[in-house]
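Following: one structure in structure tokens, then a few remarks.
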Amino acid sequence: MDTFVSLCKRRGFVFQSSEIYGGLGGFWDYGPLGVELKNNIKRSWWRAMVQERDDVVGIETSIIMNPRVWEASGHVQTFTDPMVDCKQCKHRFRTHDLKPNEKDELRCPDCGGELTDSRMFNLMFKTFVGPVADEASVAYLRPETAQGMFVNFENVLTTMRRKLPFGIAQIGRSFRNEITPGNFIFRDLEFEQMEMEFFVMPGADEEWHDRWIESRVGWWTDTLGVRKENLQVREHAKEELSHYSKRTVDIEYDFPFAGFAEIEGIANRTDFDLKQHEEHAGRTLRYFDEASGQQIIPYVIEPAMGVDRCFLTVLIDGYAEEEVRGEKRTLLRLKPELAPIKAAVLPLSRNEQLVPPARRVSDLLRPHFMTQYDDAQSIGRRYRRQDEIGTPYCVTIDFDTLEDEAVTIRERDEMTQARVPIANLVDALREKLGCW
Ligand code: GAP
């Protein structure tokens, strides 16, 4: 994990937030390559969840909402974690994270010291709207994007003329004042979520829930390329269910630091949220079912995931070290769709005859793909650098290029090489990449 975290920093994927001031626990910045990977993950999700479906639309809602939203949703009362402190070393723990015997004996897992009694702690960040910081101006940074979809149910239903079943999707930031942030970007205080609320007829909820579980697992394996053997689907036990859930299934990844842990949750939220908002807002949030002539409150199936955890998953799953001709090479086997750089343009050397055609090839590709031009150090070293950041293709310009107007495309995983005329290069790469 240390090697991996240092690679993330060294190669410009993830930096500690406000690092020059010593950082701030649970907050992270994404570097030039990180932001590309993150955008590619979001684009891939949006394509699968919105673009390719005719029953889901997207929205973007504000982070700070009327605080009554969070009373209605139950977050003010129940979005809490029990925590304990060690009286000796002062370390703080989520009670959930302590093993049963540690809870019973009330001992600190770090130093063996005595623990305080469990206290409930609300995870929502509070702020104030307006110039006066008093109880009347309290607002919250949203702890989930989902409520933005519920409060816009009627707006979307009427403006988009939707019929059940249909979904509303959103990608956006969420904030949780986590007691124990950590494991790199696994548990953050500020993170991004990709959530979709799928509204269905009551009674059709269980079948849709199963369909969404299957579809979401397929996205992780087939679209993102995460290895099946590193994933599992876990059913929540009754006592684990969130206050709104009838059934929840987590997709979990086998992380090297934590074992299997949640990367996506797929919940049956029933009609809980719409009912609560009806009651608290005093508005009817119903759907007119023509077949029965009834006004009904739809049930909701919610696939919800975090972008940052997904980022960590694809990097860890794609990370590999292998030996090539007696030398170690590190590579990221990222799907081309996710790779921050799609093609690197590498002149064989800085020879003055090679640089102009190499620059021309770089100019040719740049409008079509994220590219990187690199002419520093030996070609072998440059291939390794690209392997390490997951670049699927390297385009090499050599002395033959001057004669035949062709270049070599070298593939990352198998290291195979193919000669391609410059005139066909954009199409050839587009075909190999199979994406934008
Ligand atoms: N609307 C439902 C909901 O928010 P959740 O299981 O609390 O459900 C969904 O969160 C996903 O958001 C998780 O599967 C995880 O990927 C991500 N997530 C939650 N808390 C996070 C945190 N503190 N840091 C990073 N990602 C987090």
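So you can find residues: chains in the structure tokens are A, B, ... in the order shown, residues in each start at 1, and ligands are numbered from 1 in order.
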Write as a CSV table (one decimal) with N, CA, C and O atoms, in the first residue's frame the residues around ligand 1, taking 8 Å as the cut-off and counting only C-alpha atoms and all ligand atoms.
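Final output, saved to out.csv:
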chain,number,residue,atom,x,y,z
A,143,PRO,N,-24.9,15.3,3.2
A,143,PRO,CA,-24.1,14.0,3.4
A,143,PRO,C,-24.4,13.0,2.3
A,143,PRO,O,-23.7,11.9,2.3
A,144,GLU,N,-25.3,13.2,1.4
A,144,GLU,CA,-25.6,12.3,0.3
A,144,GLU,C,-26.2,13.2,-0.8
A,144,GLU,O,-26.9,14.2,-0.5
A,145,THR,N,-26.1,12.8,-2.0
A,145,THR,CA,-26.7,13.6,-3.1
A,145,THR,C,-28.1,13.2,-3.3
A,145,THR,O,-28.9,14.0,-4.0
A,146,ALA,N,-28.5,12.1,-2.8
A,146,ALA,CA,-29.9,11.5,-3.0
A,146,ALA,C,-31.0,12.5,-2.8
A,146,ALA,O,-32.0,12.5,-3.6
A,147,GLN,N,-30.9,13.3,-1.7
A,147,GLN,CA,-32.1,14.1,-1.4
A,147,GLN,C,-32.3,15.2,-2.4
A,147,GLN,O,-33.5,15.6,-2.6
A,175,PHE,N,-20.4,15.5,1.9
A,175,PHE,CA,-19.5,15.8,3.1
A,175,PHE,C,-20.0,15.0,4.3
A,175,PHE,O,-21.2,15.0,4.6
A,176,ARG,N,-19.1,14.4,4.9
A,176,ARG,CA,-19.4,13.7,6.2
A,176,ARG,C,-18.2,13.9,7.2
A,176,ARG,O,-17.1,13.7,6.8
A,177,ASN,N,-18.6,14.3,8.4
A,177,ASN,CA,-17.6,14.6,9.4
A,177,ASN,C,-17.2,13.2,10.0
A,177,ASN,O,-17.5,13.0,11.2
A,178,GLU,N,-16.5,12.4,9.2
A,178,GLU,CA,-16.2,11.0,9.7
A,178,GLU,C,-15.3,11.1,10.9
A,178,GLU,O,-14.4,11.9,11.0
A,181,PRO,N,-11.4,9.1,9.5
A,181,PRO,CA,-11.1,9.1,8.1
A,181,PRO,C,-9.9,8.3,7.9
A,181,PRO,O,-9.1,8.1,8.9
A,185,ILE,N,-7.6,7.4,0.3
A,185,ILE,CA,-8.9,8.1,-0.1
A,185,ILE,C,-10.1,7.2,0.1
A,185,ILE,O,-11.2,7.5,-0.4
A,186,PHE,N,-10.0,6.2,0.9
A,186,PHE,CA,-11.2,5.3,1.1
A,186,PHE,C,-12.3,6.0,1.9
A,186,PHE,O,-13.4,6.0,1.5
A,187,ARG,N,-11.9,6.6,3.0
A,187,ARG,CA,-12.9,7.2,3.8
A,187,ARG,C,-12.5,8.7,4.0
A,187,ARG,O,-11.5,9.0,4.7
A,188,ASP,N,-13.2,9.6,3.3
A,188,ASP,CA,-12.9,11.0,3.3
A,188,ASP,C,-14.0,11.8,4.0
A,188,ASP,O,-15.1,11.3,4.2
A,189,LEU,N,-13.7,13.1,4.3
A,189,LEU,CA,-14.7,14.0,4.8
A,189,LEU,C,-15.4,14.7,3.7
A,189,LEU,O,-16.5,15.1,3.8
A,190,GLU,N,-14.7,14.9,2.6
A,190,GLU,CA,-15.3,15.5,1.4
A,190,GLU,C,-15.0,14.5,0.3
A,190,GLU,O,-13.9,14.1,0.1
A,191,PHE,N,-16.1,14.1,-0.4
A,191,PHE,CA,-15.9,13.1,-1.5
A,191,PHE,C,-17.0,13.3,-2.5
A,191,PHE,O,-17.9,14.2,-2.3
A,192,GLU,N,-16.9,12.6,-3.6
A,192,GLU,CA,-17.9,12.7,-4.6
A,192,GLU,C,-18.7,11.4,-4.7
A,192,GLU,O,-18.2,10.3,-4.6
A,193,GLN,N,-20.0,11.6,-4.9
A,193,GLN,CA,-20.9,10.4,-5.0
A,193,GLN,C,-21.6,10.4,-6.4
A,193,GLN,O,-21.7,11.4,-7.1
A,194,MET,N,-21.9,9.2,-6.9
A,194,MET,CA,-22.7,9.0,-8.1
A,194,MET,C,-23.9,8.2,-7.7
A,194,MET,O,-23.7,7.0,-7.2
A,195,GLU,N,-25.0,8.8,-7.7
A,195,GLU,CA,-26.2,8.1,-7.2
A,195,GLU,C,-27.4,8.2,-8.2
A,195,GLU,O,-27.5,9.2,-8.9
A,250,ASP,N,-24.5,-4.6,-0.7
A,250,ASP,CA,-23.2,-3.8,-1.0
A,250,ASP,C,-22.4,-4.6,-2.0
A,250,ASP,O,-22.3,-5.8,-1.9
A,251,ILE,N,-21.8,-3.9,-2.9
A,251,ILE,CA,-20.7,-4.5,-3.7
A,251,ILE,C,-19.5,-4.2,-3.0
A,251,ILE,O,-19.2,-3.0,-2.6
A,262,GLU,N,-17.0,-1.9,1.4
A,262,GLU,CA,-18.1,-1.4,0.5
A,262,GLU,C,-17.5,-0.4,-0.6
A,262,GLU,O,-16.8,0.5,-0.2
A,263,ILE,N,-17.9,-0.6,-1.8
A,263,ILE,CA,-17.6,0.3,-2.9
A,263,ILE,C,-18.9,0.9,-3.5
A,263,ILE,O,-18.9,2.0,-4.0
A,264,GLU,N,-20.0,0.2,-3.4
A,264,GLU,CA,-21.3,0.6,-3.8
A,264,GLU,C,-22.4,0.0,-3.0
A,264,GLU,O,-22.3,-1.2,-2.7
A,265,GLY,N,-23.4,0.7,-2.7
A,265,GLY,CA,-24.6,0.2,-2.0
A,265,GLY,C,-25.8,0.2,-2.9
A,265,GLY,O,-26.0,1.2,-3.6
A,267,ALA,N,-29.7,0.0,-2.5
A,267,ALA,CA,-30.8,-0.1,-1.5
A,267,ALA,C,-32.2,0.0,-2.1
A,267,ALA,O,-32.4,0.7,-3.1
A,302,GLU,N,-32.0,2.4,-5.2
A,302,GLU,CA,-30.9,3.4,-5.3
A,302,GLU,C,-29.6,2.7,-5.4
A,302,GLU,O,-29.1,2.2,-4.4
A,303,PRO,N,-28.9,2.7,-6.6
A,303,PRO,CA,-27.5,2.4,-6.6
A,303,PRO,C,-26.7,3.6,-6.3
A,303,PRO,O,-26.8,4.6,-6.9
A,304,ALA,N,-25.9,3.5,-5.2
A,304,ALA,CA,-25.1,4.7,-4.8
A,304,ALA,C,-23.6,4.3,-4.6
A,304,ALA,O,-23.3,3.3,-3.9
A,305,MET,N,-22.8,5.1,-5.2
A,305,MET,CA,-21.3,4.8,-5.0
A,305,MET,C,-20.5,6.1,-4.9
A,305,MET,O,-21.0,7.2,-5.2
A,306,GLY,N,-19.3,5.9,-4.5
A,306,GLY,CA,-18.3,7.0,-4.3
A,306,GLY,C,-17.3,7.0,-5.4
A,306,GLY,O,-16.8,6.0,-5.8
A,307,VAL,N,-17.1,8.2,-6.0
A,307,VAL,CA,-16.1,8.3,-7.1
A,307,VAL,C,-14.7,8.0,-6.5
A,307,VAL,O,-13.9,7.3,-7.2
A,308,ASP,N,-14.4,8.5,-5.4
A,308,ASP,CA,-13.0,8.4,-4.8
A,308,ASP,C,-12.7,6.9,-4.5
A,308,ASP,O,-11.6,6.4,-4.8
A,309,ARG,N,-13.7,6.2,-4.0
A,309,ARG,CA,-13.5,4.8,-3.7
A,309,ARG,C,-13.3,4.0,-5.0
A,309,ARG,O,-12.6,3.0,-5.0
A,310,CYS,N,-14.1,4.4,-6.0
A,310,CYS,CA,-14.0,3.7,-7.3
A,310,CYS,C,-12.6,4.0,-7.9
A,310,CYS,O,-11.9,3.1,-8.4
If you run DSSP over the backbone, which residues in range 140-250 of chain A end up helix (DSSP H, G or I)? Put them as a PyMOL selection string. chain A and resi 146-150+153-159+205-223+228-230+238-240
Going by DSSP on the backbone, which bits of range 97-282 of chain A are strand (DSSP E or B)? Write them as an NGL selection string, please. :A and (107 or 114-115 or 119-122 or 125-128 or 138-141 or 166-175 or 182 or 187 or 190-200 or 231-235 or 247-255 or 259-270)
So that I can see what lies close to Gln353 in chain A, please list as a ChimeraX atom specification the residues with an atom at most 12 Å from it, counting only C-alpha atoms and leaving out residues fewer than 6 positions away in the same chain. /A:347,359,397-403
Export all heavy atoms of the chosen residues as a PDB file, in the first residue's frame?
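Final file, out03.pdb:
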ATOM      1  N   PRO A 347       9.446  10.514 -29.647  1.00  0.00           N
ATOM      2  CA  PRO A 347      10.491  10.368 -30.669  1.00  0.00           C
ATOM      3  C   PRO A 347      11.575   9.438 -30.121  1.00  0.00           C
ATOM      4  O   PRO A 347      11.831   9.445 -28.916  1.00  0.00           O
ATOM      5  CB  PRO A 347      11.013  11.795 -30.843  1.00  0.00           C
ATOM      6  CG  PRO A 347      10.646  12.515 -29.587  1.00  0.00           C
ATOM      7  CD  PRO A 347       9.450  11.830 -29.002  1.00  0.00           C
ATOM      8  N   ARG A 359       6.598  16.194 -33.217  1.00  0.00           N
ATOM      9  CA  ARG A 359       5.713  17.306 -32.817  1.00  0.00           C
ATOM     10  C   ARG A 359       4.464  17.342 -33.697  1.00  0.00           C
ATOM     11  O   ARG A 359       3.365  17.615 -33.218  1.00  0.00           O
ATOM     12  CB  ARG A 359       6.461  18.646 -32.938  1.00  0.00           C
ATOM     13  CG  ARG A 359       7.480  18.848 -31.836  1.00  0.00           C
ATOM     14  CD  ARG A 359       6.778  19.282 -30.548  1.00  0.00           C
ATOM     15  NE  ARG A 359       7.734  19.444 -29.463  1.00  0.00           N
ATOM     16  CZ  ARG A 359       7.402  19.436 -28.171  1.00  0.00           C
ATOM     17  NH1 ARG A 359       6.147  19.229 -27.824  1.00  0.00           N
ATOM     18  NH2 ARG A 359       8.300  19.605 -27.258  1.00  0.00           N
ATOM     19  N   ILE A 397       8.227   7.583 -32.966  1.00  0.00           N
ATOM     20  CA  ILE A 397       8.676   8.142 -34.246  1.00  0.00           C
ATOM     21  C   ILE A 397      10.169   7.823 -34.358  1.00  0.00           C
ATOM     22  O   ILE A 397      10.963   8.185 -33.471  1.00  0.00           O
ATOM     23  CB  ILE A 397       8.450   9.678 -34.280  1.00  0.00           C
ATOM     24  CG1 ILE A 397       6.939   9.973 -34.357  1.00  0.00           C
ATOM     25  CG2 ILE A 397       9.145  10.344 -35.449  1.00  0.00           C
ATOM     26  CD1 ILE A 397       6.249  10.042 -33.062  1.00  0.00           C
ATOM     27  N   ASP A 398      10.561   7.096 -35.401  1.00  0.00           N
ATOM     28  CA  ASP A 398      11.969   6.713 -35.539  1.00  0.00           C
ATOM     29  C   ASP A 398      12.493   7.142 -36.910  1.00  0.00           C
ATOM     30  O   ASP A 398      11.788   7.816 -37.666  1.00  0.00           O
ATOM     31  CB  ASP A 398      12.134   5.207 -35.295  1.00  0.00           C
ATOM     32  CG  ASP A 398      11.279   4.384 -36.239  1.00  0.00           C
ATOM     33  OD1 ASP A 398      10.889   4.905 -37.309  1.00  0.00           O
ATOM     34  OD2 ASP A 398      10.985   3.212 -35.901  1.00  0.00           O
ATOM     35  N   PHE A 399      13.699   6.696 -37.246  1.00  0.00           N
ATOM     36  CA  PHE A 399      14.297   7.152 -38.516  1.00  0.00           C
ATOM     37  C   PHE A 399      13.544   6.608 -39.731  1.00  0.00           C
ATOM     38  O   PHE A 399      13.514   7.260 -40.769  1.00  0.00           O
ATOM     39  CB  PHE A 399      15.792   6.808 -38.556  1.00  0.00           C
ATOM     40  CG  PHE A 399      16.559   7.700 -37.613  1.00  0.00           C
ATOM     41  CD1 PHE A 399      16.958   7.239 -36.363  1.00  0.00           C
ATOM     42  CD2 PHE A 399      16.855   9.022 -37.968  1.00  0.00           C
ATOM     43  CE1 PHE A 399      17.633   8.073 -35.480  1.00  0.00           C
ATOM     44  CE2 PHE A 399      17.529   9.858 -37.085  1.00  0.00           C
ATOM     45  CZ  PHE A 399      17.917   9.388 -35.833  1.00  0.00           C
ATOM     46  N   ASP A 400      12.889   5.452 -39.595  1.00  0.00           N
ATOM     47  CA  ASP A 400      12.095   4.938 -40.715  1.00  0.00           C
ATOM     48  C   ASP A 400      10.920   5.875 -41.028  1.00  0.00           C
ATOM     49  O   ASP A 400      10.471   5.957 -42.166  1.00  0.00           O
ATOM     50  CB  ASP A 400      11.534   3.536 -40.389  1.00  0.00           C
ATOM     51  CG  ASP A 400      12.640   2.491 -40.412  1.00  0.00           C
ATOM     52  OD1 ASP A 400      13.706   2.787 -40.997  1.00  0.00           O
ATOM     53  OD2 ASP A 400      12.452   1.407 -39.821  1.00  0.00           O
ATOM     54  N   THR A 401      10.432   6.564 -39.996  1.00  0.00           N
ATOM     55  CA  THR A 401       9.301   7.490 -40.186  1.00  0.00           C
ATOM     56  C   THR A 401       9.638   8.525 -41.267  1.00  0.00           C
ATOM     57  O   THR A 401       8.777   8.932 -42.047  1.00  0.00           O
ATOM     58  CB  THR A 401       8.972   8.204 -38.854  1.00  0.00           C
ATOM     59  OG1 THR A 401       8.824   7.226 -37.837  1.00  0.00           O
ATOM     60  CG2 THR A 401       7.704   9.044 -38.959  1.00  0.00           C
ATOM     61  N   LEU A 402      10.919   8.930 -41.285  1.00  0.00           N
ATOM     62  CA  LEU A 402      11.333   9.954 -42.248  1.00  0.00           C
ATOM     63  C   LEU A 402      11.180   9.441 -43.675  1.00  0.00           C
ATOM     64  O   LEU A 402      10.940  10.203 -44.600  1.00  0.00           O
ATOM     65  CB  LEU A 402      12.796  10.360 -41.990  1.00  0.00           C
ATOM     66  CG  LEU A 402      13.105  10.823 -40.556  1.00  0.00           C
ATOM     67  CD1 LEU A 402      14.593  11.128 -40.409  1.00  0.00           C
ATOM     68  CD2 LEU A 402      12.267  12.035 -40.186  1.00  0.00           C
ATOM     69  N   GLU A 403      11.291   8.112 -43.825  1.00  0.00           N
ATOM     70  CA  GLU A 403      11.181   7.503 -45.164  1.00  0.00           C
ATOM     71  C   GLU A 403       9.742   7.103 -45.499  1.00  0.00           C
ATOM     72  O   GLU A 403       9.249   7.370 -46.574  1.00  0.00           O
ATOM     73  CB  GLU A 403      12.023   6.205 -45.233  1.00  0.00           C
ATOM     74  CG  GLU A 403      13.467   6.354 -44.800  1.00  0.00           C
ATOM     75  CD  GLU A 403      14.227   7.297 -45.712  1.00  0.00           C
ATOM     76  OE1 GLU A 403      13.937   7.277 -46.918  1.00  0.00           O
ATOM     77  OE2 GLU A 403      15.075   8.057 -45.209  1.00  0.00           O
TER      78      GLU A 403
END
Selection near Arg384 in chain A, 9 Å with only C-alpha atoms, sequence-local residues under 5 positions removed, as an MDAnalysis selection string: chainID A and resid 329:331 379 389
Residues from last step as file, N, CA, C and O atoms, as a compact mmCIF listing (two decimals), in the first residue's frame:
# COMPACT_ATOMS: atom_id res chain seq x y z
N ARG A 329 9.07 -4.03 -14.09
CA ARG A 329 8.25 -2.93 -14.61
C ARG A 329 6.96 -2.85 -13.82
O ARG A 329 6.36 -3.88 -13.46
N THR A 330 6.57 -1.62 -13.50
CA THR A 330 5.32 -1.38 -12.79
C THR A 330 4.32 -0.90 -13.82
O THR A 330 4.67 -0.07 -14.67
N LEU A 331 3.14 -1.45 -13.78
CA LEU A 331 2.15 -0.95 -14.73
C LEU A 331 0.77 -0.86 -14.12
O LEU A 331 0.48 -1.53 -13.12
N ILE A 379 14.32 5.53 -24.62
CA ILE A 379 12.97 5.10 -25.01
C ILE A 379 12.42 4.06 -24.02
O ILE A 379 11.24 4.09 -23.66
N ILE A 389 1.72 4.87 -15.51
CA ILE A 389 0.50 5.71 -15.38
C ILE A 389 -0.66 5.14 -16.20
O ILE A 389 -1.70 5.77 -16.34
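Comparing A:Glu239, A:Glu214, A:Glu19, A:Glu337 by their smallest distance to Trp45 in chain A, the closest is A:Glu337 (using only C-alpha atoms).
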Taking into account only C-alpha atoms, which residue in the set A:Asp427, A:Asp289, A:Asp97, A:Glu411 is nearest to Pro165 in chain A? A:Asp289
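Take CA of Cys394 in chain A and CA of Ala320 in chain A: the distance between them is 18.5 Å.
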Asp254 in chain A environment, 12 Å, only C-alpha atoms, sequence neighbours closer than 5 positions dropped, as a list in words: Val226, Arg227, Lys228, Glu229, Asn230, Leu231, Gln232, Val233, Gly259, Phe260, Ala261, Glu262, Ile263, Leu312, Thr313, Val314, Ile316 and Asp317 of chain A
Between CA of Gln170 in chain A and CA of Gly182 in chain A, measure the distance and give it in Å to one decimal. 25.4 Å
Nearest candidate to Gln386 in chain A (options A:Leu425, A:Glu252, A:Pro356, A:Ala343; using only C-alpha atoms):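 Of all the options, A:Ala343 lies closest to Gln386 in chain A.
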Which residue gives the smallest distance to Leu106 in chain A among A:Gln276, A:Ser118, A:Thr180, A:Gln16, with only C-alpha atoms counted? A:Ser118
Neighbours of range 297-299 of chain A within 12 Å (only C-alpha atoms; same-chain residues fewer than 6 positions away dropped), as a PyMOL selection string? chain A and resi 150+153-154+157+163-167+197-209+244-246+267-278+284-289
Generate the output file for the selected residues, N, CA and C atoms, as a short mmCIF file (atom, residue, chain, number, x, y, z; two decimals), in the first residue's frame.
data_model
loop_
_atom_site.label_atom_id
_atom_site.label_comp_id
_atom_site.auth_asym_id
_atom_site.auth_seq_id
_atom_site.Cartn_x
_atom_site.Cartn_y
_atom_site.Cartn_z
N PHE A 150 -34.80 13.47 -4.63
CA PHE A 150 -36.15 13.33 -4.06
C PHE A 150 -36.91 14.64 -4.09
N PHE A 153 -38.31 15.42 -7.44
CA PHE A 153 -39.12 14.36 -8.08
C PHE A 153 -40.22 14.96 -8.96
N GLU A 154 -40.98 15.90 -8.38
CA GLU A 154 -42.12 16.47 -9.10
C GLU A 154 -41.65 17.30 -10.30
N LEU A 157 -40.59 14.86 -13.00
CA LEU A 157 -41.77 14.12 -13.48
C LEU A 157 -42.56 14.97 -14.47
N LYS A 163 -42.85 8.45 -17.21
CA LYS A 163 -43.76 7.41 -16.72
C LYS A 163 -42.92 6.45 -15.90
N LEU A 164 -43.53 5.82 -14.91
CA LEU A 164 -42.79 4.82 -14.12
C LEU A 164 -42.52 3.59 -14.99
N PRO A 165 -41.41 2.91 -14.84
CA PRO A 165 -40.31 3.26 -13.96
C PRO A 165 -39.37 4.26 -14.62
N PHE A 166 -38.82 5.16 -13.82
CA PHE A 166 -37.79 6.06 -14.36
C PHE A 166 -36.85 6.46 -13.23
N GLY A 167 -35.66 6.92 -13.64
CA GLY A 167 -34.65 7.25 -12.64
C GLY A 167 -34.13 8.68 -12.79
N GLU A 197 -31.64 7.49 -8.28
CA GLU A 197 -32.89 7.08 -7.61
C GLU A 197 -33.83 6.58 -8.70
N PHE A 198 -34.17 5.31 -8.63
CA PHE A 198 -35.00 4.68 -9.67
C PHE A 198 -36.39 4.44 -9.10
N PHE A 199 -37.38 5.20 -9.62
CA PHE A 199 -38.74 5.18 -9.08
C PHE A 199 -39.56 4.09 -9.79
N VAL A 200 -40.16 3.21 -9.01
CA VAL A 200 -40.90 2.08 -9.58
C VAL A 200 -42.27 1.96 -8.90
N MET A 201 -43.16 1.18 -9.52
CA MET A 201 -44.45 0.91 -8.89
C MET A 201 -44.21 0.08 -7.62
N PRO A 202 -44.93 0.39 -6.53
CA PRO A 202 -44.82 -0.48 -5.35
C PRO A 202 -45.20 -1.90 -5.79
N GLY A 203 -44.44 -2.85 -5.35
CA GLY A 203 -44.71 -4.23 -5.78
C GLY A 203 -43.73 -4.68 -6.85
N ALA A 204 -43.22 -3.69 -7.64
CA ALA A 204 -42.22 -4.05 -8.66
C ALA A 204 -40.82 -3.81 -8.10
N ASP A 205 -40.76 -3.34 -6.85
CA ASP A 205 -39.47 -2.92 -6.27
C ASP A 205 -38.47 -4.07 -6.12
N GLU A 206 -38.96 -5.22 -5.68
CA GLU A 206 -38.01 -6.31 -5.39
C GLU A 206 -37.35 -6.82 -6.67
N GLU A 207 -38.15 -6.90 -7.72
CA GLU A 207 -37.62 -7.37 -9.00
C GLU A 207 -36.61 -6.34 -9.56
N TRP A 208 -36.96 -5.07 -9.47
CA TRP A 208 -36.04 -4.04 -9.96
C TRP A 208 -34.75 -4.00 -9.14
N HIS A 209 -34.89 -4.26 -7.85
CA HIS A 209 -33.70 -4.28 -7.00
C HIS A 209 -32.72 -5.34 -7.50
N TYR A 244 -33.91 4.12 6.22
CA TYR A 244 -34.85 4.18 5.11
C TYR A 244 -34.95 2.87 4.33
N SER A 245 -34.15 1.88 4.68
CA SER A 245 -33.99 0.75 3.76
C SER A 245 -34.77 -0.50 4.16
N LYS A 246 -35.35 -1.14 3.14
CA LYS A 246 -36.03 -2.43 3.33
C LYS A 246 -35.03 -3.56 3.07
N ALA A 267 -29.74 0.03 -2.54
CA ALA A 267 -30.75 -0.05 -1.49
C ALA A 267 -32.16 0.03 -2.06
N ASN A 268 -33.06 -0.64 -1.38
CA ASN A 268 -34.49 -0.46 -1.65
C ASN A 268 -34.98 0.53 -0.59
N ARG A 269 -35.14 1.80 -0.99
CA ARG A 269 -35.50 2.86 -0.03
C ARG A 269 -37.00 2.96 0.15
N THR A 270 -37.73 2.07 -0.45
CA THR A 270 -39.20 2.04 -0.41
C THR A 270 -39.76 3.43 -0.78
N ASP A 271 -40.89 3.80 -0.14
CA ASP A 271 -41.46 5.13 -0.41
C ASP A 271 -41.10 6.08 0.73
N PHE A 272 -40.09 5.68 1.53
CA PHE A 272 -39.74 6.42 2.74
C PHE A 272 -39.51 7.91 2.46
N ASP A 273 -38.61 8.21 1.51
CA ASP A 273 -38.18 9.61 1.32
C ASP A 273 -39.31 10.49 0.78
N LEU A 274 -40.00 9.98 -0.25
CA LEU A 274 -41.08 10.80 -0.82
C LEU A 274 -42.18 11.04 0.21
N LYS A 275 -42.49 10.02 1.00
CA LYS A 275 -43.51 10.17 2.05
C LYS A 275 -43.09 11.23 3.07
N GLN A 276 -41.83 11.14 3.47
CA GLN A 276 -41.33 12.10 4.46
C GLN A 276 -41.40 13.52 3.93
N HIS A 277 -41.01 13.70 2.65
CA HIS A 277 -41.04 15.05 2.08
C HIS A 277 -42.48 15.54 1.89
N GLU A 278 -43.36 14.62 1.58
CA GLU A 278 -44.79 15.00 1.48
C GLU A 278 -45.24 15.60 2.80
N THR A 284 -48.02 17.24 -2.22
CA THR A 284 -48.19 15.85 -2.65
C THR A 284 -47.10 15.52 -3.67
N LEU A 285 -46.42 14.42 -3.42
CA LEU A 285 -45.36 13.97 -4.33
C LEU A 285 -45.78 12.60 -4.85
N ARG A 286 -46.76 12.62 -5.76
CA ARG A 286 -47.35 11.35 -6.20
C ARG A 286 -47.31 11.21 -7.71
N TYR A 287 -47.56 9.99 -8.11
CA TYR A 287 -47.57 9.66 -9.53
C TYR A 287 -48.97 9.14 -9.87
N PHE A 288 -49.54 9.66 -10.95
CA PHE A 288 -50.88 9.18 -11.34
C PHE A 288 -50.73 7.95 -12.21
N ASP A 289 -51.19 6.83 -11.67
CA ASP A 289 -51.12 5.57 -12.41
C ASP A 289 -52.38 5.40 -13.24
#
Ser17 in chain A environment, 12 Å, only C-alpha atoms, sequence neighbours closer than 4 positions dropped, as a list of chain:residue names: A:Lys9, A:Tyr21, A:Gly22, A:Gly23, A:Leu24, A:Gly25, A:Gly26, A:Phe27, A:Trp28, A:Asp29, A:Tyr30, A:Gly31, A:Phe184, A:Ile185, A:Asp188, A:Leu189, A:Glu190
